[in-house]
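So this one's target_24.pdb, PDB, C-alpha atoms:
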ATOM      1  CA  MET D  90      -7.594 121.228 -44.395
ATOM      2  CA  VAL D  91     -11.321 120.740 -44.904
ATOM      3  CA  ASP D  92     -13.406 120.520 -41.728
ATOM      4  CA  PRO D  93     -13.852 116.857 -40.795
ATOM      5  CA  TYR D  94     -17.373 115.504 -41.069
ATOM      6  CA  PHE D  95     -18.368 114.250 -37.601
ATOM      7  CA  VAL D  96     -21.090 111.664 -37.027
ATOM      8  CA  GLN D  97     -22.616 111.024 -33.618
ATOM      9  CA  ASP D  98     -22.194 107.567 -32.076
ATOM     10  CA  HIS D  99     -25.751 106.419 -31.348
ATOM     11  CA  GLU D 100     -24.645 104.181 -28.468
ATOM     12  CA  GLU D 101     -22.531 106.926 -26.865
ATOM     13  CA  PRO D 102     -24.169 110.260 -27.766
ATOM     14  CA  GLU D 103     -21.331 112.316 -26.266
ATOM     15  CA  LEU D 104     -18.904 110.772 -28.782
ATOM     16  CA  TRP D 105     -18.533 112.101 -32.324
ATOM     17  CA  ALA D 106     -16.332 110.517 -35.001
ATOM     18  CA  ALA D 107     -14.811 111.554 -38.325
ATOM     19  CA  GLU D 108     -13.277 109.019 -40.721
ATOM     20  CA  GLN D 109     -10.380 109.320 -43.128
ATOM     21  CA  VAL D 110      -9.080 112.714 -41.975
ATOM     22  CA  SER D 111      -5.859 113.773 -43.686
ATOM     23  CA  TYR D 112      -3.413 115.626 -41.484
ATOM     24  CA  ALA D 113      -0.032 115.516 -43.266
ATOM     25  CA  PRO D 114       1.304 114.689 -46.713
ATOM     26  CA  GLY D 115       2.726 111.187 -46.887
ATOM     27  CA  ARG D 116       0.828 110.011 -43.800
ATOM     28  CA  PRO D 117      -2.302 107.838 -43.993
ATOM     29  CA  PRO D 118      -5.583 109.451 -42.953
ATOM     30  CA  ILE D 119      -6.755 108.908 -39.393
ATOM     31  CA  HIS D 120      -9.956 108.347 -37.454
ATOM     32  CA  ILE D 121     -10.830 111.205 -35.078
ATOM     33  CA  MET D 122     -13.142 110.961 -32.086
ATOM     34  CA  MET D 123     -14.226 113.964 -30.048
ATOM     35  CA  GLN D 124     -16.187 113.875 -26.817
ATOM     36  CA  THR D 125     -18.704 116.647 -26.271
ATOM     37  CA  ALA D 126     -21.652 117.239 -23.954
ATOM     38  CA  GLY D 127     -23.769 115.523 -26.618
ATOM     39  CA  GLU D 128     -23.922 118.285 -29.201
ATOM     40  CA  ALA D 129     -21.952 118.260 -32.456
ATOM     41  CA  PRO D 130     -18.408 119.619 -32.188
ATOM     42  CA  THR D 131     -18.504 123.406 -32.078
ATOM     43  CA  ALA D 132     -16.440 125.933 -34.018
ATOM     44  CA  TYR D 133     -14.289 126.214 -30.872
ATOM     45  CA  GLY D 134     -13.644 122.461 -30.867
ATOM     46  CA  LEU D 135     -12.913 122.403 -34.597
ATOM     47  CA  ARG D 136     -10.473 125.311 -34.270
ATOM     48  CA  ASN D 137      -8.640 123.517 -31.444
ATOM     49  CA  LEU D 138      -8.612 120.296 -33.471
ATOM     50  CA  LYS D 139      -7.084 122.086 -36.469
ATOM     51  CA  THR D 140      -4.394 123.594 -34.244
ATOM     52  CA  LEU D 141      -3.603 120.154 -32.823
ATOM     53  CA  LEU D 142      -3.509 118.583 -36.286
ATOM     54  CA  GLY D 143      -1.134 121.313 -37.456
ATOM     55  CA  GLY D 144       1.395 120.260 -34.805
ATOM     56  CA  LEU D 145       0.683 116.545 -34.872
ATOM     57  CA  GLU D 146       4.096 115.594 -36.245
ATOM     58  CA  GLN D 147       5.701 116.999 -33.072
ATOM     59  CA  ARG D 148       3.175 115.097 -30.930
ATOM     60  CA  ILE D 149       4.013 111.874 -32.774
ATOM     61  CA  GLU D 150       7.674 112.444 -31.994
ATOM     62  CA  ALA D 151       6.850 113.010 -28.316
ATOM     63  CA  ALA D 152       4.696 109.865 -28.311
ATOM     64  CA  ALA D 153       7.525 107.817 -29.833
ATOM     65  CA  GLU D 154       9.486 108.161 -26.609
ATOM     66  CA  LEU D 155       6.707 106.376 -24.710
ATOM     67  CA  LEU D 156       6.304 103.833 -27.501
ATOM     68  CA  LEU D 157       9.961 102.939 -27.030
ATOM     69  CA  GLU D 158       9.342 102.340 -23.318
ATOM     70  CA  ASN D 159       6.803  99.650 -24.320
ATOM     71  CA  TYR D 160       9.086  98.044 -26.891
ATOM     72  CA  SER D 161      11.781  95.422 -26.520
ATOM     73  CA  ARG D 162      13.767  94.587 -29.626
ATOM     74  CA  ASP D 163      14.973  91.355 -28.000
ATOM     75  CA  ASP D 164      11.410  90.234 -27.226
ATOM     76  CA  TRP D 165      10.305  90.761 -30.823
ATOM     77  CA  LEU D 166      13.388  89.019 -32.201
ATOM     78  CA  GLU D 167      12.639  86.058 -29.906
ATOM     79  CA  ALA D 168       9.053  86.068 -31.225
ATOM     80  CA  GLY D 169      10.445  85.548 -34.725
ATOM     81  CA  VAL D 170      10.161  89.016 -36.216
ATOM     82  CA  PRO D 171      13.033  89.561 -38.690
ATOM     83  CA  ALA D 172      15.490  92.216 -37.507
ATOM     84  CA  ASP D 173      15.009  94.278 -40.684
ATOM     85  CA  GLN D 174      11.318  94.796 -39.801
ATOM     86  CA  LEU D 175      12.163  96.363 -36.445
ATOM     87  CA  PRO D 176      13.360  99.938 -35.986
ATOM     88  CA  PRO D 177      17.142 100.133 -36.261
ATOM     89  CA  GLY D 178      18.406 101.026 -32.818
ATOM     90  CA  ASP D 179      16.117 102.205 -30.087
ATOM     91  CA  SER D 180      15.851 105.762 -31.321
ATOM     92  CA  VAL D 181      12.918 108.157 -31.428
ATOM     93  CA  PRO D 182      13.403 108.938 -35.165
ATOM     94  CA  ALA D 183      13.383 105.210 -35.977
ATOM     95  CA  MET D 184      10.169 104.687 -33.999
ATOM     96  CA  VAL D 185       8.547 107.740 -35.643
ATOM     97  CA  ARG D 186       9.232 106.171 -39.046
ATOM     98  CA  GLN D 187       7.828 102.776 -37.993
ATOM     99  CA  ALA D 188       4.746 103.770 -35.978
ATOM    100  CA  THR D 189       1.554 104.501 -37.901
ATOM    101  CA  LEU D 190      -0.950 106.868 -36.318
ATOM    102  CA  ARG D 191      -4.428 105.390 -36.698
ATOM    103  CA  ALA D 192      -6.639 107.497 -34.467
ATOM    104  CA  LEU D 193      -6.913 110.618 -32.346
ATOM    105  CA  TRP D 194      -9.364 110.657 -29.442
ATOM    106  CA  LEU D 195     -10.034 114.108 -27.975
ATOM    107  CA  PHE D 196     -11.474 113.895 -24.469
ATOM    108  CA  ASP D 197     -13.113 117.314 -24.859
ATOM    109  CA  GLU D 198     -13.206 120.285 -27.200
ATOM    110  CA  ASP D 199     -10.268 121.996 -25.507
ATOM    111  CA  ALA D 200      -7.956 119.493 -27.294
ATOM    112  CA  GLU D 201      -5.456 119.512 -24.429
ATOM    113  CA  ASP D 202      -6.197 115.985 -23.188
ATOM    114  CA  TYR D 203      -6.292 113.242 -25.832
ATOM    115  CA  GLU D 204      -4.907 109.912 -26.975
ATOM    116  CA  LEU D 205      -3.005 109.006 -30.110
ATOM    117  CA  TRP D 206      -3.496 105.388 -31.203
ATOM    118  CA  PHE D 207      -0.659 103.756 -33.130
ATOM    119  CA  THR D 208      -0.008 100.450 -34.826
ATOM    120  CA  LEU D 209       3.435  98.965 -35.352
ATOM    121  CA  PRO D 210       4.220  96.860 -38.440
ATOM    122  CA  TRP D 211       5.590  93.915 -36.463
ATOM    123  CA  ASP D 212       2.569  93.689 -34.130
ATOM    124  CA  ASP D 213      -0.772  93.130 -35.848
ATOM    125  CA  GLU D 214      -2.613  92.311 -32.609
ATOM    126  CA  HIS D 215      -2.289  95.530 -30.590
ATOM    127  CA  THR D 216      -2.654  99.253 -30.667
ATOM    128  CA  TYR D 217      -0.294 101.423 -28.686
ATOM    129  CA  ASP D 218      -2.264 104.282 -27.171
ATOM    130  CA  VAL D 219      -0.340 107.287 -25.903
ATOM    131  CA  GLU D 220      -2.266 109.576 -23.563
ATOM    132  CA  PHE D 221      -1.538 113.296 -23.486
ATOM    133  CA  GLN D 222      -2.547 115.634 -20.670
ATOM    134  CA  GLY D 223      -2.136 119.345 -21.141
ATOM    135  CA  GLY D 224      -0.523 118.558 -24.486
ATOM    136  CA  GLU D 225       2.251 116.418 -22.938
ATOM    137  CA  PRO D 226       2.572 112.622 -23.239
ATOM    138  CA  VAL D 227       2.019 110.936 -19.869
ATOM    139  CA  ALA D 228       1.314 107.242 -20.456
ATOM    140  CA  CYS D 229       1.263 104.475 -23.033
ATOM    141  CA  SER D 230      -1.033 101.465 -22.918
ATOM    142  CA  VAL D 231      -0.956  98.402 -25.135
ATOM    143  CA  ASN D 232      -4.426  97.208 -26.145
ATOM    144  CA  ASP D 233      -5.932  94.286 -28.067
TER     145      ASP D 233
END

Please express the file's structure as structure tokens.
Amino acid sequence: MVDPYFVQDHEEPELWAAEQVSYAPGRPPIHIMMQTAGEAPTAYGLRNLKTLLGGLEQRIEAAAELLLENYSRDDWLEAGVPADQLPPGDSVPAMVRQATLRALWLFDEDAEDYELWFTLPWDDEHTYDVEFQGGEPVACSVND
């Protein structure tokens, strides 16, 4: 993987962003944000990011469990979403196939605390943000 090109957010100088970062074959590129003390991400931060990206498929699987906790097949069917657009069964593998990772927000250069932002094909109004602490998923929030 080529080092992502980070650009500083002028409104929030401690936030740096990289667009269109590829992390796995067959997956769309993602947006990455990294918080720093204001300086560009260091070699340390980039090394930790690369390590995280190398294991991102496992993190997506772990996040899918929390995504399922914020999902109700019956609610979406009642909202008019065709059954064939929803994940078959309430299984982690089905959710992994349906959820699309859009962004990774690293809260610091240690890359142990971060959020993964997902979209789901049947919900074009929300992102599903799974927070990780110490590399483990701890919460999922649904955002507009």

inquiry  = Assuming the chain letters and numbering stay as they are in my file, what does the PyMOL selection byres ((chain D and resi 211-225) around 10) actually select? List them as a ChimeraX atom specification.
reply    = /D:141,148-149,151-156,159,165,169-171,174-176,187-196,199-210,226-233

Coordinates-based distance that separates atom CA of Met123 of chain D from atom CA of Glu101 of chain D (Å, one decimal) =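 Atom CA of Glu101 of chain D sits 11.3 Å away from atom CA of Met123 of chain D.
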
query = Hey, what comes out of the PyMOL selection byres ((chain D and resi 96) around 7) on this file? Could you write it as a PyMOL selection string?
reply = chain D and resi 94-95+97-98+105-107

ask   = What does the distance between atom CA of Glu198 of chain D and atom CA of Ala132 of chain D come to in Å, to one decimal place?
value = 9.4 Å

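For the choices D:Leu104, D:Ala183, D:Leu166, D:Ile121, the atom-to-atom distance to Leu142 of chain D is smallest for D:Ile121 when using all atoms listed in the file.
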
message = So the first atom is atom CA of Pro117 of chain D and the second is atom CA of Gln147 of chain D; what is the distance between them in Å, to one decimal place?
response =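 Computing it gives 16.3 Å between the two atoms.
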
Output, as JSON, the centre and edge lengths in Å (one decimal) of the axis-aligned box that contains all listed atoms of segment 121-130 of chain D with 8 Å of margin on each side.
{"center_x": -17.4, "center_y": 115.3, "center_z": -29.5, "size_x": 29.1, "size_y": 24.7, "size_z": 27.1}

task = Around the point (-1.3, 114.4, -44.0), in the coordinates given by the file, pick out the residues reaching within 10 Å, counting all atoms listed in the file, and return them as a list in words.
result =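 Protein, DNA and RNA residues close to (-1.3, 114.4, -44.0): Met90, Val110, Ser111, Tyr112, Ala113, Pro114, Gly115, Arg116, Pro117, Pro118, Ile119, Leu142, Gly143, Leu145 and Glu146 of chain D.
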
For segment 146-164 of chain D, supply N, CA and C atoms and report the output as an mmCIF file, in the frame of the given file.
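Output (out.cif):
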data_model
loop_
_atom_site.group_PDB
_atom_site.id
_atom_site.type_symbol
_atom_site.label_atom_id
_atom_site.label_comp_id
_atom_site.auth_asym_id
_atom_site.auth_seq_id
_atom_site.Cartn_x
_atom_site.Cartn_y
_atom_site.Cartn_z
ATOM 1 N N GLU D 146 2.799 116.244 -36.036
ATOM 2 C CA GLU D 146 4.096 115.594 -36.245
ATOM 3 C C GLU D 146 4.961 115.694 -34.983
ATOM 4 N N GLN D 147 4.934 116.840 -34.309
ATOM 5 C CA GLN D 147 5.701 116.999 -33.072
ATOM 6 C C GLN D 147 5.125 116.123 -31.959
ATOM 7 N N ARG D 148 3.805 115.948 -31.943
ATOM 8 C CA ARG D 148 3.175 115.097 -30.930
ATOM 9 C C ARG D 148 3.531 113.629 -31.172
ATOM 10 N N ILE D 149 3.623 113.246 -32.439
ATOM 11 C CA ILE D 149 4.013 111.874 -32.774
ATOM 12 C C ILE D 149 5.435 111.615 -32.286
ATOM 13 N N GLU D 150 6.295 112.589 -32.472
ATOM 14 C CA GLU D 150 7.674 112.444 -31.994
ATOM 15 C C GLU D 150 7.708 112.305 -30.471
ATOM 16 N N ALA D 151 6.908 113.106 -29.778
ATOM 17 C CA ALA D 151 6.850 113.010 -28.316
ATOM 18 C C ALA D 151 6.280 111.656 -27.895
ATOM 19 N N ALA D 152 5.290 111.161 -28.624
ATOM 20 C CA ALA D 152 4.696 109.865 -28.311
ATOM 21 C C ALA D 152 5.684 108.724 -28.534
ATOM 22 N N ALA D 153 6.570 108.879 -29.507
ATOM 23 C CA ALA D 153 7.525 107.817 -29.833
ATOM 24 C C ALA D 153 8.412 107.474 -28.640
ATOM 25 N N GLU D 154 8.682 108.437 -27.803
ATOM 26 C CA GLU D 154 9.486 108.161 -26.609
ATOM 27 C C GLU D 154 8.772 107.160 -25.704
ATOM 28 N N LEU D 155 7.461 107.329 -25.539
ATOM 29 C CA LEU D 155 6.707 106.376 -24.710
ATOM 30 C C LEU D 155 6.509 105.045 -25.431
ATOM 31 N N LEU D 156 6.396 105.085 -26.749
ATOM 32 C CA LEU D 156 6.304 103.833 -27.501
ATOM 33 C C LEU D 156 7.556 102.989 -27.275
ATOM 34 N N LEU D 157 8.703 103.655 -27.255
ATOM 35 C CA LEU D 157 9.961 102.939 -27.030
ATOM 36 C C LEU D 157 10.013 102.291 -25.642
ATOM 37 N N GLU D 158 9.365 102.913 -24.666
ATOM 38 C CA GLU D 158 9.342 102.340 -23.318
ATOM 39 C C GLU D 158 8.530 101.047 -23.273
ATOM 40 N N ASN D 159 7.632 100.851 -24.258
ATOM 41 C CA ASN D 159 6.803 99.650 -24.320
ATOM 42 C C ASN D 159 7.269 98.710 -25.420
ATOM 43 N N TYR D 160 8.527 98.804 -25.781
ATOM 44 C CA TYR D 160 9.086 98.044 -26.891
ATOM 45 C C TYR D 160 10.379 97.391 -26.436
ATOM 46 N N SER D 161 10.534 96.123 -26.795
ATOM 47 C CA SER D 161 11.781 95.422 -26.520
ATOM 48 C C SER D 161 12.207 94.709 -27.801
ATOM 49 N N ARG D 162 13.252 95.204 -28.402
ATOM 50 C CA ARG D 162 13.767 94.587 -29.626
ATOM 51 C C ARG D 162 14.036 93.100 -29.403
ATOM 52 N N ASP D 163 14.649 92.754 -28.286
ATOM 53 C CA ASP D 163 14.973 91.355 -28.000
ATOM 54 C C ASP D 163 13.713 90.492 -27.934
ATOM 55 N N ASP D 164 12.653 91.003 -27.312
ATOM 56 C CA ASP D 164 11.410 90.234 -27.226
ATOM 57 C C ASP D 164 10.834 89.948 -28.612
#
